[in-house]
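To start, the structure under review is shown below, and the notes come after it.
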Amino acid sequence: AAFALLVLALGCGKREEKVATPGPPATNACGTCHAAIAAEWNGSFHHTSATDRTYQASLAHEEPKDRAFCTGCHAPRGEAAGIDCVTCHGASFEAPHARVAMPTAACASCHEFAFEGRTELVQKTASEHAASAFASVPCADCHMPVRDGHRDHRFLAGHAPETVARSVHVEAAREGEAAVRVAIRSDAGHAFPTGDMFRRVRLEVFAEGARGEIVGSAERVFERTWSSVPQTAARTQASDTRIRGEWQSVLPLEPTAPIARVRWRLHYERVVATRGPYATLASSDVLREGELAW
C-alpha cells in the first residue's frame with residue numbers, strides 16, 4: 001500500500017492498465033451463493049486495497065496524471081470494489097462462472113512488474129517463487145489455505161505478522177565470550193520479505209549487564225536498498241540482503257562490561273522513508289524473540 005510514496009522518485013511510468021468490468025464489489029452478487037467467502041473478503045486487505053488509509057496517504061503524494069499506475073492494481077474496478085471477485089476470477093455479472101480458477105499468473109499481474117520503458121523489476125515475487133524450493137506449490141496453498149471447505153479469502157499473508165511468524169524460525173547460541181551465532185530459516189516460497197520495497201526484516205541482538213543495562217549490541221537488516229540512476233530522477237536497486245531459505249552469521253556484541261544475559265528480536269517492518277542509516281517506520285512487529293543466559 002505504501003508503494004506510491006516512491007513512485008515519482010523511482011522515475012517510473014504508467015503500468016499497462018488492467019481491463020476489467022467497472023461496477024460495485026462483485027460480492028454484492030457473488031455473496032448470495034458464497035456468503036462465507038464474501039464475509040472473509042469483506043475483512044481482507046484486497047477489499048480495502050483502494051481505501052486503506054496508508055494507501056490513500058501515499059496516493060495523495062502523486063500527481064493526478066500518475067495515479068493510474070497505482071490504481072491499476074489497487075482499484076481496477078473503482079475504489080468501492082477494491083480487488084474483488086471479478087478482478088481475480090475474470091467472471092462477470094452476466095456470466096458469473098465464466099472463469100473460476102485463479103492461476104498463479106493472476107497473482108503475478110500485480111505482484112511482479114517493471115516500470116514502463118525499464119526491464120528492472122520493482123516487485124518480483126513470482127520470479128522469486130519460481131526460483132525457490134517451493135516452485136511447485138501454488139501461491140494459493142499458502143496465501144489461501146483451505147478453511148471450512150473453501151479457500152480462505154482473507155489473504156492474510158504479509159499483512160498479518162502472526163501469519164508471517166509461522167513461516168520463520170530463529171536459533172541463537174553463544175559463540176565464545178562476546179558473540180552470538182544466529183541462524184534464520186524462512187519457509188516462504190519467495191524472498192523474505194517479498195513484495196514492495198518498503199518491507200524489511202531487522203534482527204536486533206543486545207547484551208545486558210548484571211543490572212539490566214545494555215553493554216553491547218549488534219544488528220542486521222534484510223532488505224532491498226535503492227540508489228539514483230546517474231543523470232536521471234529514476235532509481236535502481238543497489239543491494240538485496242533479503243533471506244532466501246536460510247541465513248546464519250556470527251554477530252560480535254563488542255561489550256563494554258561483563259555480559260549477564262543476551263536478548264534478541266526479529267522485527268518485521270514497513271518503511272515510509274530512509275535517509276542514510278535512518279528509517280521512518282510505518283509499523284514494526286516482533287515476529288520472534290528470545291534470550292540467552294550468559
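By order of appearance in the C-alpha cells: chains A, B, ..., then residues from 1 within every chain, and ligands from 1 in the order shown.
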
Please report as a Markdown table every residue of range 101-166 of chain A lying within 9 Å of range 285-290 of chain A, along with the nearest atom pair and their distance in Å (one decimal), using only C-alpha atoms.
```
| residue | atom | partner | partner_atom | distance |
| --- | --- | --- | --- | --- |
| A:Pro161 | CA | A:Leu287 | CA | 6.6 |
| A:Glu162 | CA | A:Leu287 | CA | 7.2 |
| A:Val164 | CA | A:Leu287 | CA | 7.4 |
| A:Ala165 | CA | A:Leu287 | CA | 5.0 |
| A:Arg166 | CA | A:Leu287 | CA | 8.6 |
```

Shell around range 151-159 of chain A at 12 Å using only C-alpha atoms, local window under 6 positions removed, as JSON, numbers by chain:
{"A": [1, 27, 34, 35, 36, 37, 38, 39, 40, 41, 42, 43, 44, 45, 46, 47, 48, 49, 83, 84, 85, 88, 101, 102, 107, 139, 140, 141, 142, 143, 144, 145, 165, 166, 167, 188, 189, 190, 192, 193, 194, 195, 196, 199, 200, 201, 268, 269, 270, 283, 284, 285, 287]}

Would you list, as JSON, numbers by chain, the residues of range 69-175 of chain A that end up in helix (DSSP H, G or I) under DSSP run on this structure's backbone?
{"A": [69, 70, 71, 72, 73, 74, 85, 86, 87, 88, 89, 104, 105, 106, 107, 108, 109, 110, 111, 125, 126, 127, 128, 129, 130, 139, 140, 141, 142, 143, 157, 158, 159, 161, 162, 163, 164, 165]}

Return the single residue from A:Ile259, A:Val272, A:Ala173, A:Ala106 that is closest to Phe198 in chain A, with distances computed using only C-alpha atoms.
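Closest candidate: A:Val272.
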
Apply DSSP to the backbone of this structure and, from range 62-283 of chain A, keep only the residues in strand (DSSP E or B); write these as a VMD selection string.
chain A and resid 112 to 114 121 to 124 146 to 147 150 to 151 168 to 174 179 to 186 192 199 to 208 214 to 222 224 to 228 235 to 240 243 246 to 252 261 to 275 278 to 283
